[in-house]
Structures are given as structure tokens and as C-alpha cells.
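Let me begin by presenting the structure, written as C-alpha cells, before commenting on it.
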Amino acid sequence: MPNKSRSIKATTIVVSVVFTISVSGFFMGMRQTIRETDQDIEFTELHPEDTHHTVKGAVDYRDIAQAGFGPNAQFKSQLSSLRTVPTESAHPHPLLASEQALRIKRDSRRAYDGAPPIVPHPIAQGSAASCLQCHSQATVIGNVVAPAISHPAYTSCTQCHVSSKGLGSRWNTAEFDLHTGNRFVGDHQKKTAEQAYPDAPLTIPHTIHMRQNCMSCHGELGTSPIRTSHPERQSCTQCHVPSSTVDQRNFAESPFPFTKELLPGSTKDQTDQTDL
Amino acid sequence: MMQINRRHFLKSTALAAAVAAAQQKAFGKYENTQLDQAMVDDGVTWDKAPCRFCGTGCHVRVGVKDNKVVAIQGEQLAEVNKGLLCVKGYHVGGILYGKDRLREPMLRKNGKLEKITWDEAIEVIAKRIYDKPEQFAIYGSGQWTIPEGYVAQKFIKGGLSNNHIDPNARLCMASAVTGYVSTHGVDEPAGCYDDLDACDAMIMWGNNPAEMHPVLFSRVIDRRNKGQEVMLIDIGTRRTRTTEYSDEYLEFRPQSDLAIANGIAHLLVKNGTYDKEFVAKFCNFRKDTDKPSLFGQASTFEEYAALLEEYTPERVEEISGVPAEKIRMLGDLFGRRDIRITSLWCMGVNQHTRGTNMNRLLHGIHLLSGHFGKPGDAPTSLTGQPSACGTAREVGTLAHALPGGRIVAKPEHRADCEKVWNLPEGRINAKPGYHTIKMWEKFCTATKAGGDINTIWVQVTNPGHTLPHLKKYFTAKKDLEDKFLIVSEVYPTATTELADLVLPAAMWVEKNGIFGNSERRTQQWFKMVDPPGNARDDCWMTIAVAHKLYEMGHPGMKDKDGKFIFNVVDDSGTTLPIWEWEHYYDVNTDEQLFEEYRLLTFKKHKDVAPYQELVKYCGLRWPVVKKEDGQWHETPFRFMEFSDSYVEKGKELQFYHSVTKDDRALIWFAPYEPATEEPDEDYPVWLCTGRVLEHWHTGTMTRRIPQLRNAMPHAYVEMNPEDAKEKGLTNGDIAVIETRRGKIELPVWLDGRGHPPRGSIFVPFFDENLLINELTLGDIDPISKQPDYKKCAAVVYKKGTPAPVMTPRG
């Protein structure tokens with residue numbers, strides 16, 4: 001029995017020594033070697049002509065933990081920090097910009113009310129994969145707001161939305177006459193919402209085709225000067241209904257009989273006029 | 001099951017859409033009682049029309065206010081597009097309002113176009129035709145409305161006994177036509193767009209539907225959003241936007257699509273995975289005669305299999321560059337019975353010196369593998385023009401054809417037309433006229449050198465931009481005397497540059513019209529706004545000239561009873577003087593012409609619906625038949641018993657116009673043959689031409705719309721970045737491209753929308769300032785006579801550097 005206890009003790013010591021060596025060796029190996037720390041890596045100076053969206057130079061390995069993640073000053077690593085209201089240096093809060101100015105901006109991107117808006121920035125021409133990176137939710141990027149798309153995403157965004165910054169600006173070759181002199185004047189609806197009585201929910205004064213996501217325009221980061229006073233309520237069309245004079249959609253799906261059958265005097269008309 | 005859905009839809013549509021009033025006049029309204037109430041908003045009225053652009057045939061709703069188009073909406077009731085459009089469709093309202101819209105007729109005097117009156121213009125044309133009627137030709141269009149094509153057809157073939165009428169569709173669809181006719185015995189697809197909703201795999205053969213048929217492509221890829229699985233295979237010569245959405249991309253060497261199709265057929269035979277039962281019941285085999293012909297000669301399965309022996313996957317890899325394992329993948333796919341496969345193709349297959357053969361092979365692999373005859377199993381050729389099917393193919397405005405699938409060569413076909421048109425026997429000429437390339441070749445050849453076409457009337461198309469090898473087939477006209485070019489147009493174009501007489505035309509919703517799209521859907525619309533200045537309907541122009549000739553005593557303008565061949569009457573039967581513009585809209589001339597044309601559509605079971613039915617719906621797919629319930633029903637799937645009421649009971653699948661007259665379709669063998677001009681030492685690069693999303697055809701309409709112009713302002717050349725690097729070219733640099741026929745300078749675009757492989761370049765053709773057709777090849781398919789715009793040999797070098805030295809020729 002004395003042999004066994006000694007051998008157990010020896011084994012325990014050997015194992016713990018091996019363990020300690022390997023663990024400390026592991027951690028020591030992670031540190032930089034002397035030779036590496038001796039070398040100073042030169043960072044090339046960034047040119048002053050670069051825009052403020054510069055790419056920061058790569059940091060030293062040992063400084064990574066403190067360096068913060070991201071390529072430029074505007075980059076935020078936390079999703080929550082993206083959702084701030086634009087700062088004072090940015091464009092004034094949309095509610096403060098005049099309704100007129102907003103409407104002009106909005107109409108300038110659309111051939112007529114209801115047309116798919118032109119994309120006001122250059123896009124990747126080969127693939128539409130990156131559109132939703134910024135537009136699936138409203139995103140603040142620097143001074144601009146990329147609005148959320150107002151309709152459920154189709155797959156091929158560039159089928160309907162083309163860029164106004166097409167090839168001309170991309171290559172900056174000759175001055176192309178981009179003004180065609182076309183005399184088409186699109187219909188821009190100036191209708192205001194109807195209200196049955198003060199404080200009644202407003203009817204929707206525009207078509208809702210392709211505008212299923214109301215918050216795209218009327219939410220916190222929306223593009224419309226009209227903001228909902230109650231963003232917490234999600235079922236908008238429960239109270240706000242489209243107007244049949246602008247939205248011709250509903251007659252198609254309605255199994256309703258012809259209205260003339262309900263006209264006063266017809267045999268189907270059940271209304272007792274004296275009750276009114 | 002399909003039938004019930006169709007009936008239900010039609011019923012609810014009929015409920016929702018009121019029938020046009022009994023007092024239907026020159027132009028009515030798509031009347032809907034509830035829509036009527038809606039019309040008062042801001043004074044904007046809405047009416048339906050098919051889109052003016054591509055062959056998809058989306059339906060739009062046009063908002064009109066104060067006699068101007070002010071808004072467009074995708075028609076949500078339309079089966080084709082269900083409320084969705086593409087960027088061109090959304091901006092189609094703007095096509096009417098370019099600032100340089102043609103407003104007055106103009107005659108070239110001393111090199112300059114000067115304004116004249118309409119009466120003068122009509123007289124000039126009539127005199128020209130009266131002098132030499134056999135040297136007159138009409139170059140028409142797949143953008144012609146059905147009545148426009150019909151009057152031109154009747155005028156020249158039935159009036160002047162002259163068969164020199166051919167459409168621009170010769171340059172895009174002719175090979176599809178010969179492919180269908182040699183397979184089914186009759187033109188046009190058996191399936192429809194419903195196939196896109198039902199297929200499990202979709203194979204695109206050399207086309208780019210993400211840009212060219214975007215709404216149809218969306219219809220397929222958006223199925224993935226609903227959780228459905230669709231496999232997309234892009235077989236192409238360069239990467240495009242379509243490739244981004246595809247599961248597989250098979251890059252092939254131009255022209256070798258023939259080998260790939262044969263490779264699939266080879267595997268189906270070798271592995272025994274072809275559908276033996278289907279082939280035994282419904283197919284015969286065929287091969288070409290020594291001199292290529294439309295119907296070839298009979299063959300057998302054994303011969304077919306023997307001819308396919310050499311197309312092993314390894315051999316196909318050698319020819320095409322597509323890996324053998326991918327060929328096997330395709331062979332396995334077609335060998336499966338549990339999935340539905342749709343093949344989609346357009347210009348890549350049709351604009352091909354062996355286009356007829358390629359079409360035949362695609363039909364062949366679907367028939368051989370039994371992937372035919374069920375929704376989703378479809379070889380589907382798509383068209384590019386709004387009415388290439390409706391007008392050019394169905395009305396038969398081709399040099400050899402007559403309405404309703406007939407041909408001038410057959411006496412009984414001529415007799416049918418002479419009967420409906422009430423013409424004396426023998427009026428229609430039995431000799432086919434000149435097809436497009438021949439027509440323009442003759443026009444551009446001096447009369448004393450055998451150029452026996454001296455007058456061409458171009459309507460609704462732009463040959464000065466779209467003919468291949470422009471110098472030979474168009475601009476050569478400039479130096480020839482006594483060649484007269486009449487152009488009915490809406491804007492100044494490359495064609496009006498050389499025109500001797502320019503006639504301002506009404507466009508799209510400025511006139512009544514009817515189009516027919518790629519899925520056999522005939523769609524009608526009413527005039528909604530007035531044309532500008534003195535622009536008038538093309539249909540009226542042809543009738544006015546015909547009447548002028550009638551007044552001059554030309555016998556051809558009279559029918560058997562001495563009446564004018566275009567006799568349009570009012571309700572009491574009195575002839576109306578519609579050749580006078582003031583009276584043209586006294587009645588709906590479109591309706592009367594269409595009802596006359598309709599009588600000719602029954603023989604080959606291409607029955608179109610009565611005009612008043614078309615008014616009610618967003619198009620109807622022919623054959624439209626009246627069933628026991630007294631209602632008109634369209635036919636989504638032809639030759640298939642479950643859908644086509646012309647199929648005899650119990651036949652399941654019946655090709656009732658079969659070439660071999662036994663209700664069977666033909667499976668053709670066709671060999672791989674090299675292109676007529678392949679890259680060589682002097683011209684080492686493949687030049688391919690094509691389109692972009694934003695511009696339709698020659699951009700005469702779309703480049704005048706600011707949103708579309710800004711998105712794609714000018715043409716460019718795509719090339720492989722490594723090739724560019726070798727030549728010292730980068731993005732934005734100007735490259736010189738040369739072929740044996742011409743030279744052009746274009747800015748380079750690398751890694752943009754398309755990614756050509758090494759040794760090939762791509763140039764879009766929409767830009768009238770950068771006419772790539774000066775460089776393209778005029779070689780044609782021997783059967784369809786369609787030119788190949790997709791392949792020729794070119795050399796590229798940087799502007800400013802010396803041109804590469806050509807090998808001296810002894």
C-alpha cells in the first residue's frame with residue numbers, strides 16, 4: 001500500500017506540473033515576442049484631401065481591444081447607437097423643414113405621384129443585394145436618412161428603381177445632356193385628408209398600392225412632414241382607411257353587388273326614408 | 001382545377017367591369033360603375049391599356065387629365081403583372097411628350113425636310129406606287145397594332161398583288177416562328193405565363209430576363225419570398241443581373257448552345273431517362289434535308305440516337321467550355337419526372353445563324369424528356385415587341401404569309417383570304433416577296449444593278465438603327481437616285497435622317513389599338529388623348545393612300561363588286577369616308593377591321609375574341625371559344641386536353657396541326673455548326689450586342705424620358721478587366737472597336753452590370769449616337785432569314801494607340 005500512495009502522489013505532481021507549464025505556455029505564447037515589439041510599424045500619413053469619411057489606418061495588434069471596431073469616424077458598432085435622431089450638424093429635423101420643401105424633394109424623385117422613386121445615389125449596377133442593407137429599416141448614415149422601403153421587399157429592386165447618378169457621374173466623362181426637354185407633367189396629388197369630425201381618424205388621401213409600410217413615411221425617421229402622434233399602434237388601417245376616390249383598388253376584389261340595386265326606389269332598397 | 005379558377009376570375013371581373021355601353025362609338029371608356037364614381041378626383045380619369053414597351057404585355061392604368069397623360073398605375077386586375085411594372089412601364093406616360101415630337105408631314109426638297117400638307121403627302125405616295133407598284137415595299141413592325149398591320153397586309157397583298165411586306169420582327173422572332181412551325185406545325189407557344197408560377201426549375205438560354213422581361217422574372221424570383229423553391233439556371237455567354245439570382249451559371253462559348261442542347265439529348269438517350277411513353281405516343285423524329293428547309297425529312301429514333309452519339313459530355317465541354325459535370329447535371333435534371341422544367345429564351349437563341357435549329361433543339365429536349373404538356377413544363381420563347389405575336393406573326397405581315405397562319409404559296413390559303421376580302425380570284429400573288437434583309441439589300445442597290453425595290457414605306461420602326469451592317473443595308477441608299485424612303489414616325493430618328501417623306505404618327509393611347517403579347521394574349525385599348533399637331537394614325541395613312549389609288553383608278557383598290565377594299569360602315573350600313581381624317585373617328589374603325597380579321601383566325605385555331613369581349617378584360621389568350629355556358633373562355637394551354645377545347649376527347653395531347661398529319665410533334669436533330677464569323681488573328685474578340693433595362697429598342701421613346709435617360713445616358717463597351725488591363729484600358733477610357741464592317745469609339749465599363757469572359761465584349765445598341773449596328777454581321781439563318789446580332793469578330797484597342805497590325809493578305 002505505501003507504494004501505491006507514493007506513485008499516486010508522484011503522478012499528481014507530474015500532471016499538475018505539465019498542466020501548469022502548458023497553460024502558462026499558452027498564455028505566454030499569446031504575448032508578442034521581444035523581436036516583434038521592437039519593430040515599430042510606420043503608419044503612412046493620411047492625405048489632407050481625403051474626405052472626412054476616411055479609412056483609419058490598421059492598428060497595432062496589441063491595441064485592437066481598445067481601438068474600437070469600424071472603418072471610419074461615423075461607424076457605430078452598436079445597433080442601438082444607429083437609431084439616434086440626426087445631430088444638430090445634420091439637416092434640421094424633418095418636422096422643422098417646411099412641408100413645401102419636403103414635398104418638392106419628394107416630388108422631384110417621382111415622375112408622378114405613385115411612381116417608383118429614383119435612387120438619388122449611385123448604386124451597384126450588377127446586383128440588388130445591398131439595397132436592403134440600408135433600406136430594410138430606416139437608417140441614419142451621417143447626415144442623411146435612408147428611409148425604410150414602403151412596400152414588402154421584392155427581389156429585384158433595380159427593376160423599378162433606377163439611379164439618377166447613372167453612368168455619367170460615375171465616369172465623369174463628357175457633359176451629357178441629361179435634360180431631355182420632355183414635357184410630361186406628372187400628376188402630384190394635392191389632396192388633403194378627410195375627417196368626419198374633429199379628432200376623427202383621417203382618411204388616407206393617397207393610393208396605398210406599394211405603400212403597405214406606413215411607418216416608412218410617417219414614422220420617426222420617415223420622409224413625410226406628417227408624423228404619427230401614436231407610433232406605438234401598429235395596425236394603421238384599422239382606423240385610417242383609404243379613400244375610394246384615389247384608390248381604385250378595392251372595387252376589383254369586392255363581391256359587392258352593383259350600387260344601383262341599392263338606390264332608393266329599387267326593390268332591394270330596404271331603407272325606410274322616414275327613419276332618417 | 002385550372003378551369004374553375006379561370007371561370008371564377010372571369011365572372012368576378014365581369015361583375016366588376018361593366019360592359020361598354022351599347023352606344024359604343026369611336027372611342028369608349030373601360031366602364032366600371034364604381035370606377036365612374038372614382039373619376040372625379042382632381043379631374044384625373046383612368047382607363048386601361050397594355051404597356052407600349054416589351055413583349056411581356058403588362059397592363060397599365062393610364063391617368064388622363066385635360067387631354068394629357070399625367071400618371072400610370074400597374075393594373076392590379078391584370079393576370080400578367082398583377083399591379084407590378086418595371087421602370088419603363090412606370091414612366092411610359094412620358095413617351096408622348098418629348099419636345100421634338102413630329103407634328104407635320106415633311107418632304108425632302110434639295111436635301112432639306114420641308115413641311116407639306118397631308119393631301120400633298122398622300123398624293124406623293126400614291127403617285128409613286130401607281131407608277132411602279134411592283135417596286136414598292138412596306139417595312140412594318142411588331143409595334144404595329146393589329147388593325148395597322150392588317151390594313152397594310154390587305155393593301156399590299158390583297159390590293160397591289162405585291163408580297164413585299166415584312167416586319168422588323170424578322171430581326172427578332174423569325175427563328176422562333178420557324179422553330180414552332182417545324183415542331184408543332186403551327187406558330188406560337190403552347191403554354192403561357194402560368195408556367196412560370198408552376199415550374200420547379202427555370203433554365204435561361206442566353207437571355208437576361210432580370211433586365212429584359214423584368215416583370216416575368218420577378219414573377220418567378222418572388223416565389224422564393226413565399227417559401228417556394230425554384231431552381232434558376234443561367235446558361236449564358238456573360239454574367240448579367242440575371243446571374244445574381246440564379247443557382248447555377250453555365251458560361252458557354254458563343255454558338256455552342258447547339259452542342260449543349262445536343263449534350264442533354266445525348267444523355268437522355270444514353271441513360272435511358274427520356275420519356276419513352278411520351279415519345280411513343282406524341283412524337284416523331286425529324287432531321288434536316290441537305291439544303292436547309294422548314295419541314296426537313298422523316299427520321300427515326302435510331303437515327304436520332306446515332307446522330308447524337310458524338311455529343312458526349314466531354315465532347316460538349318470541348319466545344320462549349322461548360323464542364324462535363326454540369327452537362328450531366330442538366331441531363332439528370334431533364335431526366336427527372338418529378339419536377340417541372342421551363343426553358344426560357346429570347347434573342348440569344350433567335351438572333352443566331354442557326355436560330356431555327358436551336359429553337360428546334362430546345363423544343364426537342366422538352367419533348368424527348370416529357371417535360372411538355374403540363375403547367376410548368378414548357379419550352380417558352382419570349383418576344384420583345386408588344387405585338388410581334390399579335391400583329392407580325394398572327395396577321396402574317398411577312399413576305400411569305402397571310403393572316404391566320406396561312407402562306408401565299410398555298411392556293412387554298414389564298415382562296416380563303418380572297419373570300420373574306422371579297423376579291424376576284426387570283427388577286428393575291430403566289431410568289432413570296434422579299435424578306436427584310438433582301439428587301440433592304442435591293443433598296444440599297446442601284447436599279448440598273450438589279451435593285452428592284454425603289455420605294456419603302458417604313459411604319460413604327462427604326463431600320464436605320466436596327467438593321468445589321470448598316471452601311472450595306474441602309475446608309476447606302478443615300479448615294480442612290482430614285483430611291484424613295486417614306487417614314488411614319490413620332491420622333492426624329494436614324495431612319496428619318498435618310499427619309500424622303502416623313503409622316504407624323506399618333507402613338508399608343510393617342511389612338512385606338514390592339515396588341516398581342518408573348519403568351520397569346522390579345523389586349524385592347526381606347527384612345528385617351530389627342531395626338532399633337534397634325535399627327536395622325538398609321539392605320540388612317542394606309543387607308544388614305546389606298547383610297548387615293550382608288551380615285552386614280554388602280555384596279556387593285558376595288559374588291560370583286562367594285563367597292564373600295566376598306567369599306568367601313570355606320571350602324572345603318574352606309575359607307576363612311578374614313579379616308580378623310582375628319583371622319584376617321586366617326587366610328588370605331590379598329591373594331592370593324594378587327595372583326596373582319598377575326599374571321600381569318602379560325603382555320604389554324606388561333607381564334608381571337610370578339611372586339612367587345614376584349615374591351616371587358618385585360619386581354620384574352622387565344623383560342624377564345626364560346627362554351628356551353630354562353631361565355632367566352634380563353635385557352636391558357638394549347639394542345640392539352642385539360643385546357644384546349646379543340647383537343648378531341650381522350651387524346652390528352654393533340655398537335656392538331658401536326659407536320660406529319662398524325663397529331664404528333666416533331667423532335668429534330670440538328671448538329672453543332674460553327675458561327676459564320678468567328679474570332680481569328682486579325683479580329684480576335686467576340687462582339688455581342690444587346691439591351692439594358694432602362695431603354696427599349698432604339699431608345700427613341702425611353703431616351704426622351706429624363707428618369708430613364710439619367711439612369712442610362714449613353715452606350716458603352718463591357719469587357720473583361722484582365723483584357724482591359726492588357727490593352728491599357730480602364731473605366732471611362734475610350735476604346736476603339738473595329739470589325740470588318742465598321743469602327744466605333746466607346747467608353748469602357750468594367751465590372752458594371754455585365755461581366756464578359758476573356759476574349760469577348762458586349763455593347764448595348766440603344767444609343768443613336770453610337771450605332772453599333774454599323775459593325776454587326778448581316779449573315780442570316782438559312783430558314784428564318786434572321787440575322788445574328790450576337791456574334792461577330794472584332795478587335796479592341798485603346799484610342800490613341802496605333803491599331804493592331806492586320807496580317808497582310810496576298
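Simple scheme: letters A, B, ... for chains in C-alpha cells order, numbers from 1 for residues in each chain, numbers from 1 for ligands in the order shown.
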
As JSON, numbers by chain, list the residues of stretch 46-121 of chain B assigned to strand (DSSP E or B) by DSSP on the backbone atoms of this structure.
-> {"B": [46, 47, 48, 49, 50, 59, 60, 61, 62, 63, 64, 65, 68, 69, 70, 71, 72, 73, 74, 106, 107, 108, 109, 112, 113, 114, 115]}

What's the 9 Å shell around A:Met215, counting only C-alpha atoms, without same-chain residues fewer than 3 positions away, as a list in words?
-> Ala148, Ser150, Gln212, His218, Gly219, Glu220, Leu221, Gly222, Arg227, Thr228, Pro231 and Gln234 of chain A

Distance query B:Cys539 at most 8 Å, only C-alpha atoms, self and fewer than 3 positions along chain excluded, as a ChimeraX atom specification | /B:147-148,151-152,542-543

Any idea what the distance is between atom CA of B:Arg337 and atom CA of B:Glu652?
-> 17.6 Å

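Interface residues on chain B toward chain A (cut-off 6 Å, only C-alpha atoms): Ala38, Asp41, Val70, Ala71, Cys86, Val87, Gly94, Tyr97, Gly98, Lys99, Asp222, Arg241, Arg704, Pro706, Asn710, Ala711, Met712, Gly732, Gly752 and Arg753 of chain B.
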
Taking N, CA and C atoms for each residue, export the selection above as a short mmCIF file (atom, residue, chain, number, x, y, z; two decimals), in the first residue's frame.
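Dumped everything to selection-v3.cif:
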data_model
loop_
_atom_site.label_atom_id
_atom_site.label_comp_id
_atom_site.auth_asym_id
_atom_site.auth_seq_id
_atom_site.Cartn_x
_atom_site.Cartn_y
_atom_site.Cartn_z
N ALA B 38 -65.20 57.08 -59.13
CA ALA B 38 -63.85 57.45 -58.74
C ALA B 38 -63.24 58.49 -59.67
N ASP B 41 -61.83 62.54 -58.99
CA ASP B 41 -60.74 63.04 -58.16
C ASP B 41 -59.79 63.91 -58.96
N VAL B 70 -51.12 61.96 -67.19
CA VAL B 70 -50.43 62.52 -66.02
C VAL B 70 -49.97 61.47 -65.01
N ALA B 71 -50.38 60.25 -65.16
CA ALA B 71 -49.95 59.25 -64.19
C ALA B 71 -50.15 57.85 -64.76
N CYS B 86 -42.28 47.60 -64.57
CA CYS B 86 -40.86 47.84 -64.45
C CYS B 86 -40.64 49.34 -64.63
N VAL B 87 -39.41 49.79 -64.51
CA VAL B 87 -39.17 51.23 -64.53
C VAL B 87 -39.62 51.86 -65.85
N GLY B 94 -44.57 59.31 -70.24
CA GLY B 94 -43.73 60.37 -70.78
C GLY B 94 -43.35 60.21 -72.24
N TYR B 97 -44.43 62.94 -74.82
CA TYR B 97 -44.18 64.36 -74.61
C TYR B 97 -42.77 64.84 -74.85
N GLY B 98 -41.97 64.13 -75.61
CA GLY B 98 -40.65 64.64 -75.97
C GLY B 98 -40.81 65.95 -76.73
N LYS B 99 -39.86 66.85 -76.54
CA LYS B 99 -40.07 68.19 -77.12
C LYS B 99 -39.96 68.19 -78.64
N ASP B 222 -39.87 36.11 -57.03
CA ASP B 222 -40.65 36.47 -55.84
C ASP B 222 -41.37 35.27 -55.26
N ARG B 241 -27.22 40.60 -64.60
CA ARG B 241 -28.04 40.73 -63.38
C ARG B 241 -28.82 39.45 -63.12
N ARG B 704 -35.95 59.85 -74.20
CA ARG B 704 -36.56 61.17 -74.04
C ARG B 704 -37.26 61.30 -72.70
N PRO B 706 -36.61 61.70 -68.83
CA PRO B 706 -35.43 62.07 -68.04
C PRO B 706 -34.99 61.01 -67.03
N ASN B 710 -31.30 59.61 -67.47
CA ASN B 710 -30.30 59.82 -66.42
C ASN B 710 -29.74 58.52 -65.87
N ALA B 711 -30.57 57.51 -65.83
CA ALA B 711 -30.11 56.25 -65.27
C ALA B 711 -29.17 55.53 -66.23
N MET B 712 -29.36 55.76 -67.53
CA MET B 712 -28.51 55.11 -68.51
C MET B 712 -28.34 56.08 -69.68
N GLY B 732 -13.95 54.20 -68.06
CA GLY B 732 -14.06 55.55 -68.58
C GLY B 732 -13.17 55.83 -69.77
N GLY B 752 -19.37 46.33 -64.32
CA GLY B 752 -20.62 47.07 -64.13
C GLY B 752 -21.76 46.10 -64.01
N ARG B 753 -22.64 46.15 -65.02
CA ARG B 753 -23.76 45.25 -64.96
C ARG B 753 -23.46 43.87 -65.50
#

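Counting only C-alpha atoms, the residue from B:Leu666, B:Arg253, B:Val529, B:Asp275 that sits nearest to B:Ser760 is B:Arg253.
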
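The protein and nucleic acid residues lying at most 8 Å from B:Phe295 are Ser182, Asp288 and Val659 of chain B, with only C-alpha atoms considered and sequence neighbours fewer than 4 positions away removed.
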
Limited to all heavy atoms, could you put the picked residues into a file as an mmCIF file, in the first residue's frame?
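File produced: out_3.cif:
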data_model
loop_
_atom_site.group_PDB
_atom_site.id
_atom_site.type_symbol
_atom_site.label_atom_id
_atom_site.label_comp_id
_atom_site.auth_asym_id
_atom_site.auth_seq_id
_atom_site.Cartn_x
_atom_site.Cartn_y
_atom_site.Cartn_z
ATOM 1 N N SER B 182 -41.878 24.128 -87.285
ATOM 2 C CA SER B 182 -41.293 22.829 -87.617
ATOM 3 C C SER B 182 -41.497 21.806 -86.507
ATOM 4 O O SER B 182 -41.348 20.618 -86.733
ATOM 5 C CB SER B 182 -39.814 22.942 -88.004
ATOM 6 O OG SER B 182 -39.091 23.752 -87.145
ATOM 7 N N ASP B 288 -32.916 17.509 -90.879
ATOM 8 C CA ASP B 288 -32.983 18.459 -91.985
ATOM 9 C C ASP B 288 -32.601 17.787 -93.301
ATOM 10 O O ASP B 288 -31.956 16.758 -93.334
ATOM 11 C CB ASP B 288 -32.048 19.642 -91.705
ATOM 12 C CG ASP B 288 -32.604 20.955 -92.231
ATOM 13 O OD1 ASP B 288 -33.497 20.920 -93.106
ATOM 14 O OD2 ASP B 288 -32.154 22.017 -91.765
ATOM 15 N N VAL B 659 -47.143 18.480 -88.450
ATOM 16 C CA VAL B 659 -46.474 18.467 -89.758
ATOM 17 C C VAL B 659 -46.698 17.121 -90.440
ATOM 18 O O VAL B 659 -46.889 17.036 -91.651
ATOM 19 C CB VAL B 659 -44.961 18.716 -89.584
ATOM 20 C CG1 VAL B 659 -44.221 18.587 -90.903
ATOM 21 C CG2 VAL B 659 -44.711 20.091 -88.991
#

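Take atom CA of B:Glu418 and atom CA of B:Asp538: the distance between them is 24.0 Å.
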
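The list of residues with at least one atom within 7 Å of stretch 738-750 of chain B, based on only C-alpha atoms and without residues fewer than 6 positions apart in the same chain, reads His469, Tyr683, Tyr716, Val717, Glu718, Met719, Asn720, Pro721, Thr730, Asn731, Gly732, Glu774, Leu775, Ala793, Ala794, Val795 and Val796 of chain B.
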
Spatial neighbours of B:Lys82, max dist 12 Å, only C-alpha atoms, sep filter under 3 positions, as a PDB file with C-alpha atoms, in the first residue's frame:
ATOM      1  CA  HIS A 209     -50.652  50.453 -53.522  1.00  0.00           C
ATOM      2  CA  ARG A 249     -58.046  49.049 -55.977  1.00  0.00           C
ATOM      3  CA  ALA A 252     -61.773  44.615 -58.029  1.00  0.00           C
TER       4      ALA A 252
ATOM      5  CA  GLY B  57     -47.555  42.835 -72.209  1.00  0.00           C
ATOM      6  CA  CYS B  58     -48.111  44.240 -68.729  1.00  0.00           C
ATOM      7  CA  HIS B  59     -51.357  46.039 -68.327  1.00  0.00           C
ATOM      8  CA  VAL B  60     -51.338  49.582 -67.035  1.00  0.00           C
ATOM      9  CA  ARG B  61     -53.918  52.042 -65.972  1.00  0.00           C
ATOM     10  CA  GLN B  73     -50.547  52.638 -62.352  1.00  0.00           C
ATOM     11  CA  GLY B  74     -49.854  48.970 -62.713  1.00  0.00           C
ATOM     12  CA  GLU B  75     -53.153  47.262 -63.433  1.00  0.00           C
ATOM     13  CA  GLN B  76     -53.915  45.139 -60.425  1.00  0.00           C
ATOM     14  CA  LEU B  77     -56.597  43.171 -62.219  1.00  0.00           C
ATOM     15  CA  ALA B  78     -54.169  42.037 -64.896  1.00  0.00           C
ATOM     16  CA  GLU B  79     -53.035  38.434 -64.774  1.00  0.00           C
ATOM     17  CA  LEU B  85     -44.478  47.224 -63.642  1.00  0.00           C
ATOM     18  CA  VAL B 215     -41.920  41.608 -64.545  1.00  0.00           C
ATOM     19  CA  LEU B 216     -41.909  37.982 -65.680  1.00  0.00           C
ATOM     20  CA  SER B 218     -39.965  38.903 -60.728  1.00  0.00           C
ATOM     21  CA  ARG B 219     -42.929  36.608 -61.009  1.00  0.00           C
ATOM     22  CA  CYS B 618     -57.219  42.844 -69.554  1.00  0.00           C
TER      23      CYS B 618
END

Here atom CA of B:Gly140 and atom CA of B:Arg703 stand apart by 22.4 Å

Using the chain letters and numbers from this document, which residues of stretch 102-217 of chain B does DSSP assign to alpha helix (DSSP H), as a ChimeraX atom specification?
-> /B:118-131,146-153,174-184,194-198,209-212,214-217

Take the residues from that selection and write them out as a compact mmCIF listing (two decimals), in the first residue's frame, keeping C-alpha atoms.
# COMPACT_ATOMS: atom_id res chain seq x y z
CA TRP B 118 -51.27 65.78 -95.69
CA ASP B 119 -53.06 65.88 -99.01
CA GLU B 120 -49.78 66.54 -100.75
CA ALA B 121 -48.08 63.76 -98.83
CA ILE B 122 -50.76 61.21 -99.67
CA GLU B 123 -50.58 62.20 -103.30
CA VAL B 124 -46.81 61.81 -103.42
CA ILE B 125 -47.05 58.29 -102.04
CA ALA B 126 -49.94 57.26 -104.28
CA LYS B 127 -48.19 58.53 -107.41
CA ARG B 128 -45.04 56.69 -106.51
CA ILE B 129 -46.93 53.43 -106.02
CA TYR B 130 -49.13 53.88 -109.10
CA ASP B 131 -46.05 54.27 -111.32
CA ILE B 146 -53.30 44.57 -85.13
CA PRO B 147 -55.54 46.82 -87.28
CA GLU B 148 -52.50 48.76 -88.55
CA GLY B 149 -50.75 45.58 -89.63
CA TYR B 150 -53.96 44.21 -91.06
CA VAL B 151 -54.64 47.18 -93.35
CA ALA B 152 -51.04 47.22 -94.57
CA GLN B 153 -51.27 43.49 -95.28
CA ALA B 174 -38.32 34.69 -87.21
CA SER B 175 -36.31 31.76 -85.82
CA ALA B 176 -38.83 31.26 -83.03
CA VAL B 177 -41.56 31.07 -85.66
CA THR B 178 -39.74 28.51 -87.79
CA GLY B 179 -38.89 26.60 -84.62
CA TYR B 180 -42.54 26.36 -83.58
CA VAL B 181 -43.81 25.61 -87.06
CA SER B 182 -41.29 22.83 -87.62
CA THR B 183 -42.12 21.30 -84.22
CA HIS B 184 -45.85 21.85 -83.68
CA ASP B 194 -48.85 30.42 -65.81
CA ASP B 195 -45.95 28.07 -66.47
CA LEU B 196 -43.72 30.46 -64.57
CA ASP B 197 -45.85 30.02 -61.48
CA ALA B 198 -45.70 26.25 -61.65
CA PRO B 209 -34.78 38.41 -68.13
CA ALA B 210 -33.88 40.34 -64.98
CA GLU B 211 -33.39 43.32 -67.28
CA MET B 212 -35.37 42.43 -70.38
CA PRO B 214 -38.30 42.10 -65.51
CA VAL B 215 -41.92 41.61 -64.55
CA LEU B 216 -41.91 37.98 -65.68
CA PHE B 217 -38.62 37.38 -63.93
